[in-house]
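Structure data (compact mmCIF, C-alpha atoms and all ligand atoms) from protein.txt:
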# COMPACT_ATOMS: atom_id res chain seq x y z
CA MET A 1234 -25.15 -33.94 -24.08
CA SER A 1235 -25.95 -36.58 -26.63
CA VAL A 1236 -23.90 -37.07 -29.73
CA THR A 1237 -24.07 -38.44 -33.25
CA VAL A 1238 -21.83 -41.47 -33.79
CA THR A 1239 -20.77 -42.22 -37.36
CA VAL A 1240 -19.27 -45.46 -38.60
CA ASP A 1241 -17.93 -44.77 -42.08
CA HIS A 1242 -16.77 -47.64 -44.32
CA VAL A 1243 -15.15 -49.54 -41.47
CA THR A 1244 -13.36 -52.78 -42.24
CA LYS A 1245 -11.60 -54.92 -39.65
CA GLN A 1246 -9.59 -58.07 -40.16
CA PHE A 1247 -8.08 -60.55 -37.75
CA GLY A 1248 -5.39 -62.30 -39.78
CA LYS A 1249 -7.15 -63.65 -42.87
CA LEU A 1250 -10.62 -63.31 -41.37
CA THR A 1251 -12.53 -60.15 -42.34
CA VAL A 1252 -14.83 -59.56 -39.40
CA LEU A 1253 -16.29 -56.18 -40.41
CA LYS A 1254 -16.88 -55.51 -44.10
CA ASP A 1255 -17.28 -51.90 -45.12
CA VAL A 1256 -19.70 -51.09 -42.31
CA CYS A 1257 -21.50 -47.75 -42.60
CA VAL A 1258 -24.05 -46.58 -40.07
CA GLU A 1259 -25.02 -43.36 -38.33
CA ILE A 1260 -26.37 -43.37 -34.79
CA ARG A 1261 -28.49 -40.35 -33.93
CA PRO A 1262 -28.19 -38.20 -30.79
CA GLY A 1263 -29.96 -39.73 -27.79
CA GLU A 1264 -30.93 -42.83 -29.70
CA LEU A 1265 -30.97 -46.35 -28.22
CA PHE A 1266 -29.42 -48.13 -31.16
CA PHE A 1267 -29.04 -51.91 -31.41
CA LEU A 1268 -26.51 -54.06 -33.23
CA LEU A 1269 -28.34 -57.35 -33.63
CA GLY A 1270 -27.04 -60.53 -35.20
CA PRO A 1271 -26.02 -64.12 -34.55
CA SER A 1272 -22.97 -64.99 -32.52
CA GLY A 1273 -19.72 -64.32 -34.37
CA CYS A 1274 -21.13 -61.76 -36.84
CA GLY A 1275 -18.85 -58.97 -35.60
CA LYS A 1276 -20.99 -57.03 -33.11
CA THR A 1277 -18.46 -56.97 -30.28
CA THR A 1278 -15.67 -56.15 -32.72
CA LEU A 1279 -17.56 -53.07 -33.92
CA LEU A 1280 -18.27 -52.00 -30.35
CA ARG A 1281 -14.61 -52.44 -29.40
CA CYS A 1282 -13.59 -50.35 -32.42
CA LEU A 1283 -15.90 -47.60 -31.13
CA ALA A 1284 -14.50 -47.91 -27.61
CA GLY A 1285 -10.93 -47.72 -28.90
CA PHE A 1286 -9.84 -51.27 -28.02
CA HIS A 1287 -9.46 -52.19 -31.71
CA THR A 1288 -8.31 -50.01 -34.61
CA PRO A 1289 -10.13 -50.51 -37.92
CA ASP A 1290 -7.99 -51.51 -40.90
CA SER A 1291 -9.80 -48.91 -42.95
CA GLY A 1292 -12.63 -46.44 -42.54
CA THR A 1293 -13.30 -43.81 -39.91
CA LEU A 1294 -15.26 -43.42 -36.69
CA LYS A 1295 -16.65 -40.03 -35.78
CA VAL A 1296 -18.41 -38.42 -32.85
CA ASP A 1297 -20.32 -35.29 -33.84
CA GLY A 1298 -18.23 -35.19 -36.99
CA ARG A 1299 -14.92 -35.34 -35.13
CA ASP A 1300 -12.61 -38.17 -36.19
CA ILE A 1301 -11.91 -40.43 -33.20
CA THR A 1302 -10.51 -43.40 -35.14
CA ASN A 1303 -7.06 -43.14 -33.60
CA LEU A 1304 -7.88 -41.71 -30.17
CA PRO A 1305 -7.00 -43.89 -27.17
CA PRO A 1306 -10.00 -45.26 -25.24
CA HIS A 1307 -9.78 -42.86 -22.28
CA LYS A 1308 -10.01 -39.83 -24.57
CA ARG A 1309 -13.24 -40.99 -26.23
CA ASP A 1310 -15.88 -40.22 -23.61
CA MET A 1311 -17.52 -43.59 -24.07
CA GLY A 1312 -18.88 -45.59 -21.15
CA MET A 1313 -18.78 -49.33 -21.64
CA VAL A 1314 -20.83 -52.10 -20.03
CA PHE A 1315 -19.67 -55.63 -20.71
CA GLN A 1316 -21.35 -58.99 -20.63
CA HIS A 1317 -19.03 -60.04 -17.81
CA TYR A 1318 -19.29 -56.98 -15.63
CA ALA A 1319 -16.94 -58.29 -12.89
CA LEU A 1320 -17.33 -55.98 -9.93
CA TRP A 1321 -14.53 -56.09 -7.36
CA PRO A 1322 -15.92 -58.19 -4.50
CA HIS A 1323 -13.80 -56.57 -1.78
CA LEU A 1324 -14.87 -53.02 -2.69
CA THR A 1325 -18.16 -51.34 -1.85
CA LEU A 1326 -20.49 -50.31 -4.64
CA ALA A 1327 -19.35 -46.69 -4.25
CA GLU A 1328 -15.71 -47.76 -4.48
CA ASN A 1329 -16.43 -49.91 -7.52
CA VAL A 1330 -18.12 -46.99 -9.25
CA ALA A 1331 -15.42 -44.50 -8.19
CA PHE A 1332 -12.69 -46.53 -9.83
CA GLY A 1333 -13.08 -44.98 -13.29
CA LEU A 1334 -12.81 -41.49 -11.83
CA GLU A 1335 -9.65 -42.26 -9.84
CA MET A 1336 -8.06 -43.29 -13.13
CA ARG A 1337 -9.06 -39.88 -14.48
CA LYS A 1338 -7.64 -38.01 -11.48
CA VAL A 1339 -10.92 -36.40 -10.42
CA SER A 1340 -10.83 -34.77 -6.93
CA THR A 1341 -12.17 -36.70 -3.91
CA SER A 1342 -15.15 -34.41 -3.29
CA GLU A 1343 -16.20 -34.38 -6.92
CA THR A 1344 -15.76 -38.16 -7.07
CA GLN A 1345 -18.10 -38.62 -4.09
CA GLN A 1346 -20.73 -36.41 -5.61
CA ARG A 1347 -20.54 -38.07 -9.03
CA VAL A 1348 -20.58 -41.59 -7.59
CA MET A 1349 -23.77 -40.84 -5.67
CA GLU A 1350 -25.30 -39.25 -8.75
CA ALA A 1351 -24.48 -42.35 -10.85
CA LEU A 1352 -25.80 -44.73 -8.17
CA SER A 1353 -29.01 -42.66 -7.90
CA ARG A 1354 -29.51 -42.98 -11.65
CA VAL A 1355 -29.60 -46.75 -11.27
CA HIS A 1356 -31.66 -46.56 -8.03
CA LEU A 1357 -28.92 -47.91 -5.77
CA ALA A 1358 -27.81 -44.79 -3.86
CA GLU A 1359 -28.92 -46.22 -0.51
CA ARG A 1360 -26.82 -49.34 -1.11
CA ALA A 1361 -23.59 -47.37 -1.76
CA HIS A 1362 -21.72 -48.99 1.12
CA ASP A 1363 -22.79 -52.57 0.47
CA LYS A 1364 -20.51 -55.13 -1.15
CA PRO A 1365 -21.46 -56.64 -4.54
CA ASN A 1366 -22.25 -60.07 -3.04
CA GLN A 1367 -25.12 -58.47 -1.07
CA LEU A 1368 -26.85 -57.64 -4.35
CA SER A 1369 -28.93 -59.61 -6.83
CA GLY A 1370 -27.62 -60.19 -10.36
CA GLY A 1371 -29.82 -57.42 -11.74
CA GLN A 1372 -28.61 -54.98 -9.10
CA GLN A 1373 -25.00 -55.89 -9.86
CA GLN A 1374 -25.62 -55.18 -13.50
CA ARG A 1375 -27.03 -51.77 -12.52
CA VAL A 1376 -23.77 -51.08 -10.65
CA ALA A 1377 -21.88 -51.90 -13.85
CA LEU A 1378 -24.11 -49.37 -15.60
CA ALA A 1379 -23.39 -46.78 -12.88
CA ARG A 1380 -19.68 -47.43 -13.37
CA ALA A 1381 -20.08 -46.52 -17.03
CA LEU A 1382 -22.32 -43.50 -16.31
CA VAL A 1383 -20.02 -41.97 -13.67
CA ILE A 1384 -17.52 -40.76 -16.24
CA ARG A 1385 -20.41 -38.74 -17.76
CA PRO A 1386 -19.91 -40.25 -21.17
CA GLN A 1387 -21.38 -38.79 -24.34
CA CYS A 1388 -22.19 -42.25 -25.46
CA ILE A 1389 -22.64 -45.59 -23.76
CA LEU A 1390 -21.72 -48.94 -25.28
CA LEU A 1391 -23.47 -52.04 -23.93
CA ASP A 1392 -22.28 -55.51 -24.93
CA GLU A 1393 -24.91 -58.20 -24.20
CA PRO A 1394 -25.42 -56.57 -20.79
CA LEU A 1395 -28.20 -58.93 -19.71
CA SER A 1396 -26.84 -62.27 -20.81
CA ASN A 1397 -25.69 -63.27 -17.32
CA LEU A 1398 -29.13 -62.75 -15.82
CA ASP A 1399 -31.97 -65.23 -15.58
CA ALA A 1400 -34.94 -64.90 -17.91
CA GLN A 1401 -37.31 -63.03 -15.59
CA LEU A 1402 -34.67 -60.50 -14.59
CA ARG A 1403 -33.67 -59.98 -18.20
CA LEU A 1404 -37.21 -58.87 -18.95
CA GLU A 1405 -37.26 -56.41 -16.05
CA MET A 1406 -33.82 -55.00 -16.79
CA ARG A 1407 -34.62 -54.34 -20.47
CA SER A 1408 -36.96 -51.49 -19.79
CA GLU A 1409 -34.84 -50.39 -16.83
CA ILE A 1410 -31.81 -49.95 -19.10
CA ARG A 1411 -33.88 -48.07 -21.64
CA SER A 1412 -35.24 -45.67 -19.07
CA ILE A 1413 -31.80 -45.07 -17.52
CA CYS A 1414 -30.30 -44.26 -20.94
CA LYS A 1415 -33.21 -41.99 -21.84
CA GLN A 1416 -33.13 -40.15 -18.52
CA ALA A 1417 -29.41 -39.55 -18.87
CA GLY A 1418 -30.07 -38.38 -22.45
CA LEU A 1419 -27.32 -40.64 -23.75
CA THR A 1420 -26.65 -41.96 -27.19
CA ALA A 1421 -26.49 -45.69 -26.53
CA ILE A 1422 -25.25 -48.55 -28.68
CA TYR A 1423 -26.45 -51.92 -27.47
CA VAL A 1424 -25.19 -55.26 -28.78
CA THR A 1425 -27.30 -58.41 -28.54
CA HIS A 1426 -28.11 -61.65 -30.37
CA ASP A 1427 -31.58 -61.64 -28.78
CA GLN A 1428 -34.13 -60.32 -31.27
CA LYS A 1429 -36.84 -59.90 -28.64
CA GLU A 1430 -34.55 -57.73 -26.53
CA ALA A 1431 -33.85 -55.55 -29.55
CA LEU A 1432 -37.47 -55.37 -30.78
CA SER A 1433 -38.80 -54.50 -27.35
CA ILE A 1434 -36.64 -51.49 -26.47
CA ALA A 1435 -34.69 -50.26 -29.51
CA ASP A 1436 -35.29 -46.98 -31.26
CA ARG A 1437 -33.54 -48.45 -34.29
CA ILE A 1438 -31.76 -51.71 -35.04
CA ALA A 1439 -28.95 -52.67 -37.42
CA VAL A 1440 -29.18 -56.36 -38.31
CA MET A 1441 -25.74 -57.85 -38.98
CA LYS A 1442 -24.61 -61.05 -40.64
CA ASP A 1443 -21.02 -62.08 -41.35
CA GLY A 1444 -19.65 -58.59 -40.75
CA VAL A 1445 -22.15 -56.92 -43.07
CA ILE A 1446 -25.06 -54.72 -42.01
CA GLN A 1447 -28.12 -56.18 -43.72
CA GLN A 1448 -30.70 -53.55 -42.82
CA VAL A 1449 -31.16 -50.62 -40.45
CA GLY A 1450 -34.56 -49.52 -39.26
CA ALA A 1451 -37.08 -49.12 -36.46
CA PRO A 1452 -38.30 -52.44 -35.01
CA GLU A 1453 -41.60 -52.32 -36.89
CA ASP A 1454 -39.86 -51.46 -40.18
CA LEU A 1455 -37.61 -54.49 -39.90
CA TYR A 1456 -40.51 -56.73 -38.95
CA GLN A 1457 -42.96 -55.50 -41.55
CA ARG A 1458 -40.56 -54.70 -44.36
CA PRO A 1459 -37.48 -56.92 -44.07
CA SER A 1460 -35.19 -56.33 -47.02
CA ASN A 1461 -34.01 -59.91 -47.36
CA ARG A 1462 -34.66 -63.42 -46.21
CA PHE A 1463 -32.03 -63.32 -43.49
CA VAL A 1464 -33.60 -60.29 -41.80
CA ALA A 1465 -37.10 -61.72 -42.18
CA GLY A 1466 -36.07 -65.01 -40.59
CA PHE A 1467 -33.88 -63.55 -37.85
CA ILE A 1468 -36.54 -61.11 -36.64
CA GLY A 1469 -39.67 -63.11 -35.97
CA GLU A 1470 -41.00 -66.16 -37.78
CA ALA A 1471 -41.79 -66.38 -41.46
CA ASN A 1472 -42.91 -68.73 -44.21
CA PHE A 1473 -40.72 -68.44 -47.28
CA ILE A 1474 -41.99 -69.20 -50.77
CA HIS A 1475 -39.82 -69.06 -53.82
CA GLY A 1476 -41.32 -67.41 -56.91
CA ARG A 1477 -40.91 -65.31 -60.03
CA VAL A 1478 -42.23 -61.80 -60.74
CA ARG A 1479 -45.00 -61.90 -63.35
CA GLU A 1480 -46.47 -58.38 -63.26
CA VAL A 1481 -45.50 -55.02 -61.80
CA THR A 1482 -47.94 -52.10 -61.48
CA SER A 1483 -47.55 -48.83 -59.63
CA THR A 1484 -49.13 -50.34 -56.52
CA THR A 1485 -48.73 -54.11 -56.77
CA VAL A 1486 -46.32 -56.86 -57.70
CA THR A 1487 -47.65 -60.25 -58.79
CA VAL A 1488 -45.51 -63.30 -58.13
CA GLU A 1489 -46.02 -66.79 -59.47
CA ALA A 1490 -44.98 -69.57 -57.11
CA PRO A 1491 -45.40 -73.33 -57.50
CA CYS A 1492 -48.24 -73.24 -54.96
CA GLY A 1493 -50.14 -70.32 -56.47
CA ILE A 1494 -50.23 -66.70 -57.56
CA PHE A 1495 -49.57 -63.97 -55.00
CA VAL A 1496 -50.34 -60.28 -55.27
CA ALA A 1497 -48.40 -58.00 -52.95
CA ALA A 1498 -49.15 -54.35 -52.23
CA VAL A 1499 -45.86 -52.70 -53.15
CA ALA A 1500 -45.67 -49.05 -54.19
CA ASN A 1501 -42.87 -48.03 -56.57
CA SER A 1502 -41.36 -51.49 -56.65
CA THR A 1503 -37.82 -52.04 -57.86
CA PHE A 1504 -38.58 -55.61 -58.90
CA ALA A 1505 -38.17 -56.57 -62.53
CA LEU A 1506 -40.36 -58.87 -64.62
CA ASP A 1507 -39.15 -62.47 -64.34
CA GLU A 1508 -36.96 -61.68 -61.36
CA GLN A 1509 -36.62 -64.53 -58.88
CA VAL A 1510 -37.84 -63.48 -55.45
CA GLU A 1511 -38.63 -64.87 -52.07
CA LEU A 1512 -42.08 -64.29 -50.61
CA CYS A 1513 -42.15 -63.91 -46.89
CA ILE A 1514 -45.39 -64.39 -45.01
CA ARG A 1515 -45.65 -64.09 -41.24
CA PRO A 1516 -47.64 -66.93 -39.60
CA GLU A 1517 -49.98 -64.48 -37.87
CA ASN A 1518 -50.93 -62.99 -41.24
CA ILE A 1519 -52.33 -66.21 -42.68
CA ARG A 1520 -56.10 -65.88 -42.45
CA LEU A 1521 -58.27 -68.93 -41.96
CA ASP A 1522 -61.59 -67.06 -42.20
CA GLN A 1523 -63.44 -66.32 -45.43
CA PRO A 1524 -62.37 -63.21 -47.34
CA SER A 1525 -65.29 -60.79 -47.77
CA SER A 1526 -65.01 -60.30 -51.51
CA ASN A 1527 -63.13 -61.65 -54.46
CA LEU A 1528 -59.64 -61.02 -53.11
CA PRO A 1529 -56.42 -62.60 -54.37
CA ASN A 1530 -53.96 -64.63 -52.35
CA ARG A 1531 -56.27 -67.53 -51.61
CA LEU A 1532 -54.78 -70.94 -51.12
CA HIS A 1533 -56.23 -74.33 -50.60
CA GLY A 1534 -54.52 -76.92 -48.45
CA LEU A 1535 -54.79 -79.76 -46.00
CA PHE A 1536 -54.69 -79.31 -42.31
CA SER A 1537 -51.55 -81.21 -41.20
CA GLU A 1538 -50.70 -80.48 -37.62
CA SER A 1539 -51.85 -78.27 -34.80
CA THR A 1540 -50.38 -77.23 -31.49
CA TYR A 1541 -52.72 -75.56 -29.03
CA LEU A 1542 -50.93 -72.99 -26.88
CA GLY A 1543 -53.83 -71.30 -25.10
CA GLU A 1544 -54.06 -67.81 -26.53
CA VAL A 1545 -52.83 -69.02 -29.88
CA ALA A 1546 -52.81 -72.21 -31.92
CA GLN A 1547 -50.01 -73.00 -34.29
CA HIS A 1548 -51.16 -74.86 -37.41
CA LEU A 1549 -49.20 -76.49 -40.18
CA ILE A 1550 -51.01 -76.54 -43.51
CA THR A 1551 -49.83 -78.47 -46.55
CA ILE A 1552 -50.32 -76.65 -49.85
CA PRO A 1553 -50.05 -78.71 -53.04
CA SER A 1554 -47.43 -77.42 -55.38
CA SER A 1555 -46.79 -77.77 -59.11
CA ASN A 1556 -43.30 -79.03 -58.45
CA GLU A 1557 -42.49 -82.23 -56.60
CA SER A 1558 -42.71 -81.18 -52.94
CA PRO A 1559 -45.77 -79.55 -51.37
CA ILE A 1560 -45.29 -76.42 -49.30
CA LEU A 1561 -45.82 -76.47 -45.58
CA LEU A 1562 -47.13 -73.18 -44.18
CA LYS A 1563 -47.16 -72.24 -40.54
CA ALA A 1564 -50.19 -70.22 -39.43
CA PHE A 1565 -51.04 -68.75 -36.05
CA GLU A 1566 -54.67 -68.54 -35.00
CA LEU A 1567 -55.40 -66.15 -32.16
CA SER A 1568 -58.10 -67.18 -29.65
CA PRO A 1569 -58.36 -70.57 -31.34
CA LYS A 1570 -61.65 -72.43 -31.38
CA SER A 1571 -60.86 -75.92 -30.18
CA GLY A 1572 -61.68 -78.95 -32.25
CA ARG A 1573 -62.77 -76.97 -35.26
CA LEU A 1574 -60.39 -78.74 -37.59
CA LYS A 1575 -59.23 -82.34 -37.83
CA LEU A 1576 -56.02 -83.55 -39.35
CA GLY A 1577 -56.40 -84.07 -43.09
CA ASP A 1578 -59.36 -81.67 -43.38
CA PRO A 1579 -59.30 -79.43 -46.43
CA ILE A 1580 -58.80 -75.81 -45.49
CA ASP A 1581 -58.95 -72.49 -47.33
CA LEU A 1582 -56.69 -69.67 -46.36
CA TRP A 1583 -55.88 -66.21 -47.62
CA ILE A 1584 -53.44 -63.40 -47.09
CA GLU A 1585 -54.06 -59.68 -47.32
CA GLN A 1586 -52.02 -57.97 -50.01
CA HIS A 1587 -50.10 -55.75 -47.64
CA HIS A 1588 -49.02 -58.85 -45.69
CA VAL A 1589 -47.32 -60.43 -48.67
CA ILE A 1590 -43.69 -59.32 -48.34
CA ILE A 1591 -41.42 -59.74 -51.34
CA THR A 1592 -37.69 -59.87 -50.77
CA LYS A 1593 -34.81 -60.07 -53.19
CA GLN A 1594 -33.62 -63.60 -53.69
CA THR A 1595 -29.98 -62.85 -52.94
CA PRO A 1596 -29.16 -61.03 -49.71
CA ALA A 1597 -28.85 -57.26 -50.18
CA ALA A 1598 -25.18 -57.58 -49.36
CA SER A 1599 -22.92 -60.52 -48.92
P1 LIG B 1601 -20.10 -61.26 -31.97
O1 LIG B 1601 -19.86 -60.26 -30.89
O2 LIG B 1601 -21.06 -60.81 -33.00
O3 LIG B 1601 -20.46 -62.61 -31.44
P2 LIG B 1601 -17.25 -60.93 -32.46
O4 LIG B 1601 -17.12 -59.52 -32.92
O5 LIG B 1601 -16.87 -61.21 -31.05
O6 LIG B 1601 -18.72 -61.47 -32.77
O7 LIG B 1601 -16.38 -61.86 -33.38
C1 LIG B 1601 -16.47 -61.87 -34.78
C2 LIG B 1601 -15.44 -62.83 -35.34
O8 LIG B 1601 -14.14 -62.34 -35.09
C3 LIG B 1601 -15.48 -64.23 -34.73
O9 LIG B 1601 -15.23 -65.14 -35.75
C4 LIG B 1601 -14.36 -64.19 -33.72
O10 LIG B 1601 -13.84 -65.48 -33.53
C5 LIG B 1601 -13.36 -63.28 -34.38
N1 LIG B 1601 -12.55 -62.52 -33.40
C6 LIG B 1601 -13.02 -61.66 -32.48
N2 LIG B 1601 -12.02 -61.09 -31.78
C7 LIG B 1601 -10.88 -61.61 -32.27
C8 LIG B 1601 -9.48 -61.42 -31.97
N3 LIG B 1601 -9.09 -60.56 -31.02
N4 LIG B 1601 -8.59 -62.14 -32.70
C9 LIG B 1601 -9.00 -62.98 -33.67
N5 LIG B 1601 -10.27 -63.20 -34.01
C10 LIG B 1601 -11.22 -62.53 -33.33
MG MG B 1602 -20.06 -60.49 -28.82

How does this structure look as structure tokens?
Amino acid sequence: MSVTVTVDHVTKQFGKLTVLKDVCVEIRPGELFFLLGPSGCGKTTLLRCLAGFHTPDSGTLKVDGRDITNLPPHKRDMGMVFQHYALWPHLTLAENVAFGLEMRKVSTSETQQRVMEALSRVHLAERAHDKPNQLSGGQQQRVALARALVIRPQCILLDEPLSNLDAQLRLEMRSEIRSICKQAGLTAIYVTHDQKEALSIADRIAVMKDGVIQQVGAPEDLYQRPSNRFVAGFIGEANFIHGRVREVTSTTVTVEAPCGIFVAAVANSTFALDEQVELCIRPENIRLDQPSSNLPNRLHGLFSESTYLGEVAQHLITIPSSNESPILLKAFELSPKSGRLKLGDPIDLWIEQHHVIITKQTPAAS
């Protein structure tokens, strides 16, 4: 059974420090939902509020509409997987997994059956009688997952579950965790500071900064339509150009920047004439070929630096600007042709209108 989890105007303080500021978010049944943000932004605190280890100072937490804000952890039906999963070394995997059920006074025969079911879910049933030190790091993390699954939670909370694993294993375990959560049909809330981890497996992501949710959306929404500079820069790479709105039509917004005029495809924009905005252009969306017709968003610059990386080359291009400092744009060229450009060469570039992202100058919330 998967559940809806609602975080409604939750604020949490530690002494004078406000760690969660009026957080509102709804996690849908069966969804793999990510809380993504830099270290210290309040992700773990929110997860611990959901698990019942912290009580919010204000606001409510609900599961399927039922208020759980003041329920003790063991009455919440939430499985939790921590960064430091600490299995007991002297116990077998089965005994490690059974521990949560003993606390809940489940009968011996039911415990055995549920432990094997949980270990099967993480593909470790045949290792039930091994000790943790006979397992790899990834396998140990799967035992930690089984330990959370065995209580048959309605929801599973994962706090940086892969951060103790080496890079290669982290990649493998990402999709493994997703498939385990999906097969169990669980609503899952996954905390990480790693944007690639979130982009690669999330259904939806909430990007957090300083205790405030900046934006919630599917990975491609956040990448293609970030609502502010923080989100744009935290998820992927971006060039930022400061400008002022000069014209708004029903389908476009024109922005004047010191290095040129930009036209962005924006339907029903909420931008006002003269508003200060930040343009955000992804390096892979800077085109170095010739546009086919008389399209806007052409710039002229000097080729300043290039790093060849095999499948892609990363170029830095200096664009003259009407104010004192020129603008340095980063552009990615896929399947680069070697030796085509020399440092200091003049270069024309252009950007398609739907790749010019305009964000509000001030963060959406602060
Ligand atoms: P994240 O998980 O995003 O890295 P945390 O939620 O752990 O961030 O912490 C957010 C902020 O709250 C940090 O500044 C941290 O030092 C502070 N903090 C977390 N837990 C406590 C606590 N129990 N007492 C006091 N301050 C805390
Ligand atoms: Mg944390």

Using only C-alpha atoms and all ligand atoms, pick whichever of A:His1287, A:Arg1261, A:Arg1360, A:His1426 has the shortest atom-to-atom distance to ligand MG 1602 (chain B).
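Looking at the shortest contact to ligand MG 1602 (chain B), the residue is A:His1426.
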
Wanna dump the chain A-ligand LIG 1601 (chain B) contacts at 6 Å for me, each residue with its shortest atom pair and the distance in Å to one decimal, counting all atoms listed in the file, ordered by chain and number, as JSON lines?
{"residue": "A:Phe1247", "atom": "CA", "partner": "B:LIG1601", "partner_atom": "C9", "distance": 4.8}
{"residue": "A:Val1252", "atom": "CA", "partner": "B:LIG1601", "partner_atom": "O8", "distance": 5.2}
{"residue": "A:Ser1272", "atom": "CA", "partner": "B:LIG1601", "partner_atom": "O3", "distance": 3.6}
{"residue": "A:Gly1273", "atom": "CA", "partner": "B:LIG1601", "partner_atom": "O6", "distance": 3.4}
{"residue": "A:Cys1274", "atom": "CA", "partner": "B:LIG1601", "partner_atom": "O2", "distance": 4.0}
{"residue": "A:Gly1275", "atom": "CA", "partner": "B:LIG1601", "partner_atom": "O4", "distance": 3.2}
{"residue": "A:Lys1276", "atom": "CA", "partner": "B:LIG1601", "partner_atom": "O2", "distance": 3.8}
{"residue": "A:Thr1277", "atom": "CA", "partner": "B:LIG1601", "partner_atom": "O1", "distance": 3.6}
{"residue": "A:Thr1278", "atom": "CA", "partner": "B:LIG1601", "partner_atom": "O4", "distance": 3.7}

Nearest to A:His1242: which of A:Asp1392, A:Asp1290, A:Glu1557, A:Glu1264 is it, counting all atoms listed in the file?
A:Asp1290

Go through A:Met1441, A:Leu1304, A:Ala1319, A:Leu1549 and flag the residue nearest ligand MG 1602 (chain B), using only C-alpha atoms and all ligand atoms for the distances.
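Ranking A:Met1441, A:Leu1304, A:Ala1319, A:Leu1549 by distance to ligand MG 1602 (chain B), first place goes to A:Met1441.
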
Might you pull out every residue within 12 Å of stretch 1497-1502 of chain A, with only C-alpha atoms counted and same-chain residues fewer than 3 positions away left off, and present them as an MDAnalysis selection string?
chainID A and resid 1458 1478:1489 1494 1505:1506 1511:1514 1528:1530 1584:1593

Just the number, please: distance in Å from atom CA of A:Gly1444 to atom CA of A:Asn1397, one decimal.
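Value for the atom CA of A:Gly1444-atom CA of A:Asn1397 distance: 24.6 Å.
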
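Between atom CA of A:Glu1470 and atom CA of A:Leu1576 the separation is 23.0 Å.
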
So, with all atoms listed in the file as the atoms that count, which of A:Glu1393, A:Asp1399, A:Asp1454, A:Glu1566 lies closest to ligand MG 1602 (chain B)?
A:Glu1393

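Take the candidates A:Thr1288, A:Gln1448, A:Ser1433, A:Thr1293 and check each one against A:Thr1239 using all atoms listed in the file; the shortest distance goes to A:Thr1293.
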
Please determine an axis-aligned box that encloses all atoms of stretch 1580-1593 of chain A listed in the file, with 5 Å added on each side, and express its centre and edge lengths in Å to one decimal as JSON.
{"center_x": -46.9, "center_y": -65.8, "center_z": -49.3, "size_x": 34.1, "size_y": 30.1, "size_z": 17.7}

One residue among A:Thr1302, A:Thr1425, A:Ser1554, A:Gln1416 is nearest to ligand MG 1602 (chain B) when using all atoms listed in the file, and that residue is A:Thr1425

What separates atom CA of A:Lys1575 and atom CA of A:Phe1536 is a distance of 7.1 Å

Applying 12 Å and all atoms listed in the file, which residues near A:Ser1537 remain after dropping the ones on its own chain fewer than 4 positions away? List them as a PDB file with C-alpha atoms, in the frame of the given file.
ATOM      1  CA  GLN A1547     -50.010 -73.000 -34.290  1.00  0.00           C
ATOM      2  CA  HIS A1548     -51.160 -74.860 -37.410  1.00  0.00           C
ATOM      3  CA  LEU A1549     -49.200 -76.490 -40.180  1.00  0.00           C
ATOM      4  CA  ILE A1550     -51.010 -76.540 -43.510  1.00  0.00           C
ATOM      5  CA  THR A1551     -49.830 -78.470 -46.550  1.00  0.00           C
ATOM      6  CA  ILE A1552     -50.320 -76.650 -49.850  1.00  0.00           C
ATOM      7  CA  PRO A1559     -45.770 -79.550 -51.370  1.00  0.00           C
ATOM      8  CA  ILE A1560     -45.290 -76.420 -49.300  1.00  0.00           C
ATOM      9  CA  LEU A1561     -45.820 -76.470 -45.580  1.00  0.00           C
ATOM     10  CA  LEU A1562     -47.130 -73.180 -44.180  1.00  0.00           C
ATOM     11  CA  LYS A1563     -47.160 -72.240 -40.540  1.00  0.00           C
ATOM     12  CA  ALA A1564     -50.190 -70.220 -39.430  1.00  0.00           C
ATOM     13  CA  LEU A1574     -60.390 -78.740 -37.590  1.00  0.00           C
ATOM     14  CA  LYS A1575     -59.230 -82.340 -37.830  1.00  0.00           C
ATOM     15  CA  LEU A1576     -56.020 -83.550 -39.350  1.00  0.00           C
ATOM     16  CA  GLY A1577     -56.400 -84.070 -43.090  1.00  0.00           C
ATOM     17  CA  ASP A1578     -59.360 -81.670 -43.380  1.00  0.00           C
ATOM     18  CA  PRO A1579     -59.300 -79.430 -46.430  1.00  0.00           C
ATOM     19  CA  ILE A1580     -58.800 -75.810 -45.490  1.00  0.00           C
TER      20      ILE A1580
END
